[in-house]
Amino acid sequence: MTTGLWQELAPLLRDRTFTDLTHAFHPGQPRFAAFPDESREALFDMEKGDGFTAHRYSIVGQWGTHVDPPSHFVRGGRTLDQIPVDQMVLPLVVLDISHRVRRDPDATPTLGDIKDWESRCGTIPAGSFVALRTGWSQRWPDPEAMANKDESGTSHTPGWSQEVLQCLIEERGVAAVGHEQTDTDPGMATSRQDFSLETYVLAQDKWQIELLAHLDGLPESGGVLVASWAKPLGGSGFPARVFAIH
């Protein structure tokens, strides 16, 4: 007979939807321009007569849907192994600007978006994970579509804004943020090598998930975000498996 916590938890999960928010990573996928591509090698391969299959993967930590801990940009910041597991299961807030991004790929969220969300759902809870829904993940895995560069080489992609991040972190006390695009900062900023918003988030001792998928299927409130990743000692980033329960 099943007893204990699972007996209490199972009925709560029985009729819930589980949405995978993670892209499956692979060689040739969209990535930060300075990073090398992924390479894989089958050290053992059942298709070639071996008794089992095992691959060696060569990837940068910030690969595909991934977690950035504070140490990614901040000297002395928390590393992946220092983020406690109780921060990996969080209330989920979805801030939706996809309707503006369809008209303007350089769109960013405003304080008005937070005000509108809170007028419908109540105050954004402290300790939550706030995901920025832009619709940009629908361009995956096309590198050119994800970068969306003009003739001058400037990238036009959505991103966060300073005023919204400051409100979420300093006033609402959220635990982490995430987004569908490659970077925290909008493309017009990263094209100038301006990563000040990502620096700000990580300098506040927060972590983030980049390149989220399938945010379009989530409710704007009431869900739970579960994020997990490998535990490299001193790790500055790693592919993550992220999903929502709603």
# chains A, B, ... in the order shown; residues from 1 in each chain; ligands from 1
$ residues_around --residues "Val101 of chain A" --least-positions-apart "6" --cutoff "8 Å" --atoms "only C-alpha atoms" --output "count of residues only"
4
$ residues_around --residues "segment 184-186 of chain A" --least-positions-apart "4" --cutoff "7 Å" --atoms "only C-alpha atoms" --output "number ranges by chain"
A: 106, 157-160, 190, 195, 197-198
$ write_last_selection --atoms "all heavy atoms" --output "short mmCIF file (atom, residue, chain, number, x, y, z; two decimals), in the first residue's frame"
data_model
loop_
_atom_site.label_atom_id
_atom_site.label_comp_id
_atom_site.auth_asym_id
_atom_site.auth_seq_id
_atom_site.Cartn_x
_atom_site.Cartn_y
_atom_site.Cartn_z
N ASP A 106 11.37 43.66 -31.83
CA ASP A 106 12.23 44.28 -30.81
C ASP A 106 11.46 44.57 -29.51
O ASP A 106 12.00 45.22 -28.60
CB ASP A 106 12.82 45.59 -31.34
CG ASP A 106 13.71 45.38 -32.55
OD1 ASP A 106 14.60 44.50 -32.49
OD2 ASP A 106 13.51 46.07 -33.57
N THR A 157 15.44 40.79 -31.99
CA THR A 157 14.77 39.77 -31.18
C THR A 157 14.23 40.44 -29.91
O THR A 157 14.79 41.42 -29.44
CB THR A 157 15.74 38.64 -30.78
OG1 THR A 157 16.74 39.16 -29.88
CG2 THR A 157 16.43 38.04 -31.99
N PRO A 158 13.15 39.89 -29.35
CA PRO A 158 12.64 40.46 -28.11
C PRO A 158 13.56 40.14 -26.94
O PRO A 158 14.47 39.32 -27.06
CB PRO A 158 11.28 39.77 -27.95
CG PRO A 158 11.45 38.47 -28.69
CD PRO A 158 12.36 38.77 -29.84
N GLY A 159 13.32 40.81 -25.83
CA GLY A 159 14.09 40.56 -24.62
C GLY A 159 13.39 41.19 -23.44
O GLY A 159 12.28 41.71 -23.54
N TRP A 160 14.04 41.14 -22.31
CA TRP A 160 13.53 41.76 -21.10
C TRP A 160 13.79 43.27 -21.13
O TRP A 160 14.49 43.77 -22.01
CB TRP A 160 14.17 41.15 -19.87
CG TRP A 160 13.73 39.76 -19.56
CD1 TRP A 160 14.34 38.60 -19.96
CD2 TRP A 160 12.60 39.35 -18.78
NE1 TRP A 160 13.65 37.50 -19.49
CE2 TRP A 160 12.58 37.95 -18.76
CE3 TRP A 160 11.59 40.07 -18.12
CZ2 TRP A 160 11.60 37.23 -18.08
CZ3 TRP A 160 10.61 39.35 -17.44
CH2 TRP A 160 10.62 37.96 -17.43
N THR A 190 22.31 43.10 -27.68
CA THR A 190 23.39 42.10 -27.80
C THR A 190 24.21 42.31 -29.06
O THR A 190 25.40 41.96 -29.09
CB THR A 190 22.82 40.68 -27.78
OG1 THR A 190 21.92 40.49 -28.88
CG2 THR A 190 22.07 40.41 -26.48
N PHE A 195 25.18 43.19 -22.65
CA PHE A 195 24.50 42.14 -21.92
C PHE A 195 24.19 42.61 -20.50
O PHE A 195 24.26 41.84 -19.55
CB PHE A 195 25.36 40.88 -21.90
CG PHE A 195 25.66 40.33 -23.28
CD1 PHE A 195 26.85 40.67 -23.92
CD2 PHE A 195 24.76 39.51 -23.94
CE1 PHE A 195 27.13 40.19 -25.20
CE2 PHE A 195 25.04 39.03 -25.21
CZ PHE A 195 26.23 39.38 -25.84
N LEU A 197 21.43 43.47 -18.99
CA LEU A 197 20.28 42.91 -18.28
C LEU A 197 20.59 41.52 -17.73
O LEU A 197 20.19 41.19 -16.61
CB LEU A 197 19.06 42.85 -19.21
CG LEU A 197 18.55 44.20 -19.71
CD1 LEU A 197 17.28 44.01 -20.54
CD2 LEU A 197 18.30 45.16 -18.56
N GLU A 198 21.29 40.71 -18.49
CA GLU A 198 21.71 39.40 -17.97
C GLU A 198 22.65 39.59 -16.79
O GLU A 198 22.55 38.88 -15.78
CB GLU A 198 22.37 38.57 -19.06
CG GLU A 198 22.77 37.18 -18.59
CD GLU A 198 23.08 36.23 -19.72
OE1 GLU A 198 22.99 36.64 -20.90
OE2 GLU A 198 23.40 35.07 -19.43
#
$ residues_around --residues "His99 of chain A" --least-positions-apart "2" --cutoff "12 Å" --atoms "only C-alpha atoms" --output "short mmCIF file (atom, residue, chain, number, x, y, z; two decimals) with N, CA and C atoms, in the first residue's frame"
data_model
loop_
_atom_site.label_atom_id
_atom_site.label_comp_id
_atom_site.auth_asym_id
_atom_site.auth_seq_id
_atom_site.Cartn_x
_atom_site.Cartn_y
_atom_site.Cartn_z
N LEU A 95 4.40 35.93 -18.28
CA LEU A 95 4.18 37.30 -18.72
C LEU A 95 4.19 37.29 -20.25
N ASP A 96 3.06 37.59 -20.84
CA ASP A 96 2.86 37.39 -22.28
C ASP A 96 2.96 38.70 -23.06
N ILE A 97 3.98 38.81 -23.93
CA ILE A 97 4.06 39.95 -24.85
C ILE A 97 4.07 39.48 -26.31
N VAL A 101 5.15 41.19 -30.03
CA VAL A 101 6.30 40.69 -30.77
C VAL A 101 5.92 40.36 -32.21
N ARG A 102 4.69 39.92 -32.42
CA ARG A 102 4.25 39.64 -33.79
C ARG A 102 4.30 40.87 -34.66
N ARG A 103 4.09 42.05 -34.06
CA ARG A 103 4.13 43.31 -34.81
C ARG A 103 5.53 43.92 -34.79
N ASP A 104 6.25 43.70 -33.70
CA ASP A 104 7.54 44.35 -33.49
C ASP A 104 8.50 43.38 -32.83
N PRO A 105 9.44 42.78 -33.58
CA PRO A 105 10.33 41.79 -32.99
C PRO A 105 11.28 42.35 -31.92
N ALA A 107 10.24 44.09 -29.39
CA ALA A 107 9.40 44.41 -28.24
C ALA A 107 9.99 43.89 -26.93
N THR A 108 9.73 44.63 -25.86
CA THR A 108 10.13 44.23 -24.51
C THR A 108 8.95 44.49 -23.57
N PRO A 109 8.93 43.84 -22.41
CA PRO A 109 7.82 44.05 -21.47
C PRO A 109 7.91 45.40 -20.77
N ASP A 113 2.56 45.81 -18.36
CA ASP A 113 2.29 44.38 -18.49
C ASP A 113 2.17 43.73 -17.11
N ARG A 133 6.80 35.18 -22.25
CA ARG A 133 6.27 34.53 -23.45
C ARG A 133 6.31 35.50 -24.62
N THR A 134 7.09 35.16 -25.62
CA THR A 134 7.25 36.00 -26.80
C THR A 134 6.83 35.29 -28.09
N GLY A 135 6.69 33.96 -28.05
CA GLY A 135 6.43 33.19 -29.25
C GLY A 135 7.68 32.89 -30.05
N TRP A 136 8.84 33.35 -29.56
CA TRP A 136 10.08 33.22 -30.33
C TRP A 136 10.53 31.77 -30.49
N PRO A 158 13.15 39.89 -29.35
CA PRO A 158 12.64 40.46 -28.11
C PRO A 158 13.56 40.14 -26.94
N ASP A 216 3.54 28.76 -25.06
CA ASP A 216 2.23 29.14 -25.59
C ASP A 216 1.11 28.28 -25.02
#
$ select_by_dssp --residues "segment 59-106 of chain A" --states "alpha helix (DSSP H)" --output "number ranges by chain"
A: 98-101
$ closest_residue --among "A:Ser71, A:Ser39, A:Gln181, A:Thr79" --to "Ala203 of chain A" --atoms "only C-alpha atoms"
A:Ser71
$ residues_around --residues "segment 141-147 of chain A" --least-positions-apart "6" --cutoff "9 Å" --atoms "only C-alpha atoms" --output "PDB file with N, CA, C and O atoms, in the first residue's frame"
ATOM      1  N   HIS A  23      13.804  22.285 -25.338  1.00  0.00           N
ATOM      2  CA  HIS A  23      14.203  21.850 -26.672  1.00  0.00           C
ATOM      3  C   HIS A  23      15.177  20.676 -26.551  1.00  0.00           C
ATOM      4  O   HIS A  23      16.072  20.685 -25.695  1.00  0.00           O
ATOM      5  N   GLY A  28      24.317  21.726 -34.709  1.00  0.00           N
ATOM      6  CA  GLY A  28      23.778  22.638 -35.698  1.00  0.00           C
ATOM      7  C   GLY A  28      22.655  23.524 -35.215  1.00  0.00           C
ATOM      8  O   GLY A  28      22.142  24.337 -35.976  1.00  0.00           O
ATOM      9  N   GLN A  29      22.282  23.412 -33.949  1.00  0.00           N
ATOM     10  CA  GLN A  29      21.168  24.206 -33.427  1.00  0.00           C
ATOM     11  C   GLN A  29      21.568  25.667 -33.231  1.00  0.00           C
ATOM     12  O   GLN A  29      22.751  26.006 -33.235  1.00  0.00           O
ATOM     13  N   PRO A  30      20.602  26.568 -33.042  1.00  0.00           N
ATOM     14  CA  PRO A  30      20.927  27.968 -32.738  1.00  0.00           C
ATOM     15  C   PRO A  30      21.751  28.074 -31.462  1.00  0.00           C
ATOM     16  O   PRO A  30      21.529  27.339 -30.498  1.00  0.00           O
ATOM     17  N   ARG A  31      22.703  29.018 -31.466  1.00  0.00           N
ATOM     18  CA  ARG A  31      23.592  29.176 -30.307  1.00  0.00           C
ATOM     19  C   ARG A  31      24.231  30.555 -30.350  1.00  0.00           C
ATOM     20  O   ARG A  31      24.201  31.232 -31.375  1.00  0.00           O
ATOM     21  N   THR A 154      22.470  43.620 -37.525  1.00  0.00           N
ATOM     22  CA  THR A 154      21.841  43.845 -36.222  1.00  0.00           C
ATOM     23  C   THR A 154      20.719  42.833 -36.017  1.00  0.00           C
ATOM     24  O   THR A 154      19.873  42.636 -36.888  1.00  0.00           O
ATOM     25  N   SER A 155      20.718  42.200 -34.854  1.00  0.00           N
ATOM     26  CA  SER A 155      19.703  41.209 -34.527  1.00  0.00           C
ATOM     27  C   SER A 155      18.461  41.894 -33.972  1.00  0.00           C
ATOM     28  O   SER A 155      18.553  42.795 -33.136  1.00  0.00           O
ATOM     29  N   HIS A 156      17.308  41.464 -34.448  1.00  0.00           N
ATOM     30  CA  HIS A 156      16.042  42.005 -33.963  1.00  0.00           C
ATOM     31  C   HIS A 156      15.267  40.882 -33.281  1.00  0.00           C
ATOM     32  O   HIS A 156      14.558  40.108 -33.922  1.00  0.00           O
ATOM     33  N   THR A 157      15.445  40.786 -31.986  1.00  0.00           N
ATOM     34  CA  THR A 157      14.774  39.770 -31.180  1.00  0.00           C
ATOM     35  C   THR A 157      14.232  40.436 -29.915  1.00  0.00           C
ATOM     36  O   THR A 157      14.794  41.423 -29.441  1.00  0.00           O
ATOM     37  N   GLN A 181      13.943  33.321 -26.144  1.00  0.00           N
ATOM     38  CA  GLN A 181      15.013  33.717 -27.046  1.00  0.00           C
ATOM     39  C   GLN A 181      16.379  33.324 -26.473  1.00  0.00           C
ATOM     40  O   GLN A 181      16.499  32.829 -25.370  1.00  0.00           O
ATOM     41  N   THR A 182      17.429  33.581 -27.254  1.00  0.00           N
ATOM     42  CA  THR A 182      18.779  33.156 -26.884  1.00  0.00           C
ATOM     43  C   THR A 182      19.329  33.944 -25.715  1.00  0.00           C
ATOM     44  O   THR A 182      20.118  33.422 -24.924  1.00  0.00           O
ATOM     45  N   GLY A 187      17.804  41.750 -28.928  1.00  0.00           N
ATOM     46  CA  GLY A 187      18.832  41.595 -29.950  1.00  0.00           C
ATOM     47  C   GLY A 187      19.551  42.873 -30.318  1.00  0.00           C
ATOM     48  O   GLY A 187      20.753  42.853 -30.629  1.00  0.00           O
TER      49      GLY A 187
END
$ residues_around --residues "Arg75 of chain A" --least-positions-apart "5" --cutoff "12 Å" --atoms "only C-alpha atoms" --output "PDB file with C-alpha atoms, in the first residue's frame"
ATOM      1  CA  PRO A  69      23.653  30.481 -12.410  1.00  0.00           C
ATOM      2  CA  PRO A  70      25.058  33.733 -10.977  1.00  0.00           C
ATOM      3  CA  THR A 199      24.472  40.842 -15.819  1.00  0.00           C
ATOM      4  CA  LEU A 202      22.795  37.209 -12.172  1.00  0.00           C
ATOM      5  CA  ALA A 203      24.333  39.943 -10.012  1.00  0.00           C
ATOM      6  CA  ASP A 205      22.003  36.192  -7.056  1.00  0.00           C
ATOM      7  CA  GLY A 234      31.670  24.835  -9.767  1.00  0.00           C
ATOM      8  CA  SER A 236      28.723  27.946 -14.707  1.00  0.00           C
TER       9      SER A 236
END
$ residues_around --residues "segment 172-174 of chain A" --least-positions-apart "2" --cutoff "6 Å" --atoms "only C-alpha atoms" --output "PyMOL selection string"
chain A and resi 126-128+168-170+176
$ write_last_selection --atoms "C-alpha atoms" --output "PDB file, in the first residue's frame"
ATOM      1  CA  ALA A 126       7.598  36.054  -4.015  1.00  0.00           C
ATOM      2  CA  GLY A 127       9.832  33.115  -4.855  1.00  0.00           C
ATOM      3  CA  SER A 128       8.198  32.514  -8.218  1.00  0.00           C
ATOM      4  CA  LEU A 168      10.242  41.517 -10.414  1.00  0.00           C
ATOM      5  CA  ILE A 169      13.484  41.066  -8.477  1.00  0.00           C
ATOM      6  CA  GLU A 170      13.629  44.031  -6.116  1.00  0.00           C
ATOM      7  CA  ALA A 176      14.314  33.189 -11.184  1.00  0.00           C
TER       8      ALA A 176
END
$ residues_around --residues "Trp117 of chain A" --least-positions-apart "5" --cutoff "10 Å" --atoms "only C-alpha atoms" --output "ChimeraX atom specification"
/A:93-96,111-112,122-124,220-221
$ write_last_selection --atoms "N, CA and C atoms" --output "CSV table (one decimal), in the first residue's frame"
chain,number,residue,atom,x,y,z
A,93,VAL,N,4.8,32.1,-13.2
A,93,VAL,CA,4.1,33.2,-13.7
A,93,VAL,C,4.5,33.4,-15.2
A,94,VAL,N,3.5,33.5,-16.1
A,94,VAL,CA,3.8,33.7,-17.5
A,94,VAL,C,3.4,35.1,-17.9
A,95,LEU,N,4.4,35.9,-18.3
A,95,LEU,CA,4.2,37.3,-18.7
A,95,LEU,C,4.2,37.3,-20.2
A,96,ASP,N,3.1,37.6,-20.8
A,96,ASP,CA,2.9,37.4,-22.3
A,96,ASP,C,3.0,38.7,-23.1
A,111,LEU,N,6.1,48.0,-17.4
A,111,LEU,CA,5.5,47.9,-16.1
A,111,LEU,C,4.0,47.8,-16.3
A,112,GLY,N,3.4,48.3,-17.4
A,112,GLY,CA,2.0,48.1,-17.7
A,112,GLY,C,1.6,46.6,-17.8
A,122,GLY,N,-3.7,38.8,-9.3
A,122,GLY,CA,-3.2,39.1,-8.0
A,122,GLY,C,-1.7,39.4,-8.1
A,123,THR,N,-1.1,39.8,-6.9
A,123,THR,CA,0.3,40.2,-6.9
A,123,THR,C,1.2,39.0,-7.3
A,124,ILE,N,2.2,39.2,-8.1
A,124,ILE,CA,3.2,38.2,-8.4
A,124,ILE,C,3.8,37.7,-7.2
A,220,GLU,N,-1.4,31.8,-17.6
A,220,GLU,CA,-0.5,32.8,-17.1
A,220,GLU,C,-0.3,32.8,-15.6
A,221,SER,N,-1.1,32.0,-14.9
A,221,SER,CA,-0.9,31.9,-13.5
A,221,SER,C,-1.4,30.5,-13.0
$ select_by_dssp --residues "segment 110-233 of chain A" --states "strand (DSSP E or B)" --output "MDAnalysis selection string"
chainID A and resid 129:133 149 155 176:179 207:210 212 223:229
$ atom_distance --atom1 "atom CA of Pro27 of chain A" --atom2 "atom CA of Lys48 of chain A"
21.8 Å
$ atom_distance --atom1 "atom CA of Asp15 of chain A" --atom2 "atom CA of Cys121 of chain A"
22.1 Å
$ atom_distance --atom1 "atom CA of Gly235 of chain A" --atom2 "atom CA of Arg139 of chain A"
28.8 Å
$ closest_residue --among "A:Ala230, A:Val67, A:Leu90, A:Ala42" --to "Phe129 of chain A" --atoms "only C-alpha atoms"
A:Leu90
$ closest_residue --among "A:Asp116, A:Asp81, A:Glu41, A:Glu180" --to "Ser228 of chain A" --atoms "only C-alpha atoms"
A:Asp81
$ decode --residues "segment 24-38 of chain A" --atoms "all heavy atoms" --output "PDB file, in the first residue's frame"
ATOM      1  N   ALA A  24      15.024  19.677 -27.405  1.00  0.00           N
ATOM      2  CA  ALA A  24      16.026  18.617 -27.498  1.00  0.00           C
ATOM      3  C   ALA A  24      17.243  19.179 -28.238  1.00  0.00           C
ATOM      4  O   ALA A  24      17.116  19.682 -29.358  1.00  0.00           O
ATOM      5  CB  ALA A  24      15.461  17.412 -28.240  1.00  0.00           C
ATOM      6  N   PHE A  25      18.417  19.127 -27.594  1.00  0.00           N
ATOM      7  CA  PHE A  25      19.581  19.753 -28.230  1.00  0.00           C
ATOM      8  C   PHE A  25      20.255  18.805 -29.219  1.00  0.00           C
ATOM      9  O   PHE A  25      20.150  17.586 -29.113  1.00  0.00           O
ATOM     10  CB  PHE A  25      20.567  20.307 -27.200  1.00  0.00           C
ATOM     11  CG  PHE A  25      21.241  19.305 -26.302  1.00  0.00           C
ATOM     12  CD1 PHE A  25      22.304  18.545 -26.742  1.00  0.00           C
ATOM     13  CD2 PHE A  25      20.830  19.170 -24.971  1.00  0.00           C
ATOM     14  CE1 PHE A  25      22.958  17.658 -25.902  1.00  0.00           C
ATOM     15  CE2 PHE A  25      21.476  18.285 -24.118  1.00  0.00           C
ATOM     16  CZ  PHE A  25      22.540  17.525 -24.581  1.00  0.00           C
ATOM     17  N   HIS A  26      20.967  19.409 -30.178  1.00  0.00           N
ATOM     18  CA  HIS A  26      21.572  18.628 -31.253  1.00  0.00           C
ATOM     19  C   HIS A  26      22.609  19.482 -31.979  1.00  0.00           C
ATOM     20  O   HIS A  26      22.552  20.726 -31.924  1.00  0.00           O
ATOM     21  CB  HIS A  26      20.499  18.168 -32.244  1.00  0.00           C
ATOM     22  CG  HIS A  26      19.706  19.290 -32.844  1.00  0.00           C
ATOM     23  ND1 HIS A  26      20.119  19.997 -33.960  1.00  0.00           N
ATOM     24  CD2 HIS A  26      18.544  19.847 -32.470  1.00  0.00           C
ATOM     25  CE1 HIS A  26      19.237  20.925 -34.249  1.00  0.00           C
ATOM     26  NE2 HIS A  26      18.271  20.864 -33.356  1.00  0.00           N
ATOM     27  N   PRO A  27      23.540  18.875 -32.686  1.00  0.00           N
ATOM     28  CA  PRO A  27      24.502  19.653 -33.468  1.00  0.00           C
ATOM     29  C   PRO A  27      23.796  20.523 -34.502  1.00  0.00           C
ATOM     30  O   PRO A  27      22.778  20.135 -35.072  1.00  0.00           O
ATOM     31  CB  PRO A  27      25.358  18.576 -34.151  1.00  0.00           C
ATOM     32  CG  PRO A  27      25.260  17.385 -33.261  1.00  0.00           C
ATOM     33  CD  PRO A  27      23.844  17.417 -32.734  1.00  0.00           C
ATOM     34  N   GLY A  28      24.317  21.726 -34.709  1.00  0.00           N
ATOM     35  CA  GLY A  28      23.778  22.638 -35.698  1.00  0.00           C
ATOM     36  C   GLY A  28      22.655  23.524 -35.215  1.00  0.00           C
ATOM     37  O   GLY A  28      22.142  24.337 -35.976  1.00  0.00           O
ATOM     38  N   GLN A  29      22.282  23.412 -33.949  1.00  0.00           N
ATOM     39  CA  GLN A  29      21.168  24.206 -33.427  1.00  0.00           C
ATOM     40  C   GLN A  29      21.568  25.667 -33.231  1.00  0.00           C
ATOM     41  O   GLN A  29      22.751  26.006 -33.235  1.00  0.00           O
ATOM     42  CB  GLN A  29      20.705  23.620 -32.103  1.00  0.00           C
ATOM     43  CG  GLN A  29      21.711  23.821 -30.985  1.00  0.00           C
ATOM     44  CD  GLN A  29      21.221  23.283 -29.648  1.00  0.00           C
ATOM     45  OE1 GLN A  29      20.316  22.481 -29.583  1.00  0.00           O
ATOM     46  NE2 GLN A  29      21.838  23.740 -28.581  1.00  0.00           N
ATOM     47  N   PRO A  30      20.602  26.568 -33.042  1.00  0.00           N
ATOM     48  CA  PRO A  30      20.927  27.968 -32.738  1.00  0.00           C
ATOM     49  C   PRO A  30      21.751  28.074 -31.462  1.00  0.00           C
ATOM     50  O   PRO A  30      21.529  27.339 -30.498  1.00  0.00           O
ATOM     51  CB  PRO A  30      19.542  28.603 -32.540  1.00  0.00           C
ATOM     52  CG  PRO A  30      18.605  27.745 -33.321  1.00  0.00           C
ATOM     53  CD  PRO A  30      19.148  26.353 -33.180  1.00  0.00           C
ATOM     54  N   ARG A  31      22.703  29.018 -31.466  1.00  0.00           N
ATOM     55  CA  ARG A  31      23.592  29.176 -30.307  1.00  0.00           C
ATOM     56  C   ARG A  31      24.231  30.555 -30.350  1.00  0.00           C
ATOM     57  O   ARG A  31      24.201  31.232 -31.375  1.00  0.00           O
ATOM     58  CB  ARG A  31      24.685  28.103 -30.311  1.00  0.00           C
ATOM     59  CG  ARG A  31      25.607  28.156 -31.528  1.00  0.00           C
ATOM     60  CD  ARG A  31      26.558  26.972 -31.555  1.00  0.00           C
ATOM     61  NE  ARG A  31      27.552  27.050 -32.621  1.00  0.00           N
ATOM     62  CZ  ARG A  31      27.326  26.664 -33.865  1.00  0.00           C
ATOM     63  NH1 ARG A  31      26.135  26.181 -34.213  1.00  0.00           N
ATOM     64  NH2 ARG A  31      28.285  26.743 -34.768  1.00  0.00           N
ATOM     65  N   PHE A  32      24.809  30.945 -29.220  1.00  0.00           N
ATOM     66  CA  PHE A  32      25.588  32.170 -29.139  1.00  0.00           C
ATOM     67  C   PHE A  32      26.735  32.085 -30.138  1.00  0.00           C
ATOM     68  O   PHE A  32      27.431  31.064 -30.221  1.00  0.00           O
ATOM     69  CB  PHE A  32      26.111  32.334 -27.712  1.00  0.00           C
ATOM     70  CG  PHE A  32      26.905  33.586 -27.474  1.00  0.00           C
ATOM     71  CD1 PHE A  32      26.337  34.831 -27.666  1.00  0.00           C
ATOM     72  CD2 PHE A  32      28.225  33.511 -27.046  1.00  0.00           C
ATOM     73  CE1 PHE A  32      27.062  35.986 -27.439  1.00  0.00           C
ATOM     74  CE2 PHE A  32      28.961  34.657 -26.817  1.00  0.00           C
ATOM     75  CZ  PHE A  32      28.382  35.901 -27.008  1.00  0.00           C
ATOM     76  N   ALA A  33      26.942  33.154 -30.917  1.00  0.00           N
ATOM     77  CA  ALA A  33      27.837  33.102 -32.073  1.00  0.00           C
ATOM     78  C   ALA A  33      29.265  32.690 -31.714  1.00  0.00           C
ATOM     79  O   ALA A  33      29.957  32.068 -32.533  1.00  0.00           O
ATOM     80  CB  ALA A  33      27.846  34.451 -32.777  1.00  0.00           C
ATOM     81  N   ALA A  34      29.729  33.027 -30.518  1.00  0.00           N
ATOM     82  CA  ALA A  34      31.111  32.723 -30.145  1.00  0.00           C
ATOM     83  C   ALA A  34      31.308  31.273 -29.710  1.00  0.00           C
ATOM     84  O   ALA A  34      32.446  30.836 -29.505  1.00  0.00           O
ATOM     85  CB  ALA A  34      31.572  33.657 -29.024  1.00  0.00           C
ATOM     86  N   PHE A  35      30.224  30.511 -29.555  1.00  0.00           N
ATOM     87  CA  PHE A  35      30.334  29.134 -29.071  1.00  0.00           C
ATOM     88  C   PHE A  35      30.566  28.167 -30.231  1.00  0.00           C
ATOM     89  O   PHE A  35      29.962  28.310 -31.297  1.00  0.00           O
ATOM     90  CB  PHE A  35      29.068  28.709 -28.334  1.00  0.00           C
ATOM     91  CG  PHE A  35      28.854  29.394 -27.012  1.00  0.00           C
ATOM     92  CD1 PHE A  35      27.593  29.417 -26.438  1.00  0.00           C
ATOM     93  CD2 PHE A  35      29.896  30.012 -26.338  1.00  0.00           C
ATOM     94  CE1 PHE A  35      27.380  30.034 -25.217  1.00  0.00           C
ATOM     95  CE2 PHE A  35      29.700  30.635 -25.122  1.00  0.00           C
ATOM     96  CZ  PHE A  35      28.437  30.640 -24.559  1.00  0.00           C
ATOM     97  N   PRO A  36      31.394  27.142 -30.027  1.00  0.00           N
ATOM     98  CA  PRO A  36      31.540  26.098 -31.040  1.00  0.00           C
ATOM     99  C   PRO A  36      30.299  25.216 -31.082  1.00  0.00           C
ATOM    100  O   PRO A  36      29.512  25.170 -30.130  1.00  0.00           O
ATOM    101  CB  PRO A  36      32.757  25.301 -30.549  1.00  0.00           C
ATOM    102  CG  PRO A  36      32.734  25.491 -29.054  1.00  0.00           C
ATOM    103  CD  PRO A  36      32.244  26.895 -28.837  1.00  0.00           C
ATOM    104  N   ASP A  37      30.135  24.516 -32.190  1.00  0.00           N
ATOM    105  CA  ASP A  37      29.006  23.606 -32.335  1.00  0.00           C
ATOM    106  C   ASP A  37      29.208  22.373 -31.449  1.00  0.00           C
ATOM    107  O   ASP A  37      30.320  22.060 -31.024  1.00  0.00           O
ATOM    108  CB  ASP A  37      28.874  23.191 -33.803  1.00  0.00           C
ATOM    109  CG  ASP A  37      27.510  22.636 -34.150  1.00  0.00           C
ATOM    110  OD1 ASP A  37      26.640  22.549 -33.252  1.00  0.00           O
ATOM    111  OD2 ASP A  37      27.300  22.276 -35.324  1.00  0.00           O
ATOM    112  N   GLU A  38      28.120  21.686 -31.200  1.00  0.00           N
ATOM    113  CA  GLU A  38      28.180  20.416 -30.479  1.00  0.00           C
ATOM    114  C   GLU A  38      28.825  19.344 -31.355  1.00  0.00           C
ATOM    115  O   GLU A  38      28.650  19.324 -32.567  1.00  0.00           O
ATOM    116  CB  GLU A  38      26.761  19.980 -30.112  1.00  0.00           C
ATOM    117  CG  GLU A  38      26.660  18.580 -29.541  1.00  0.00           C
ATOM    118  CD  GLU A  38      25.220  18.111 -29.386  1.00  0.00           C
ATOM    119  OE1 GLU A  38      24.297  18.973 -29.403  1.00  0.00           O
ATOM    120  OE2 GLU A  38      25.006  16.896 -29.264  1.00  0.00           O
TER     121      GLU A  38
END
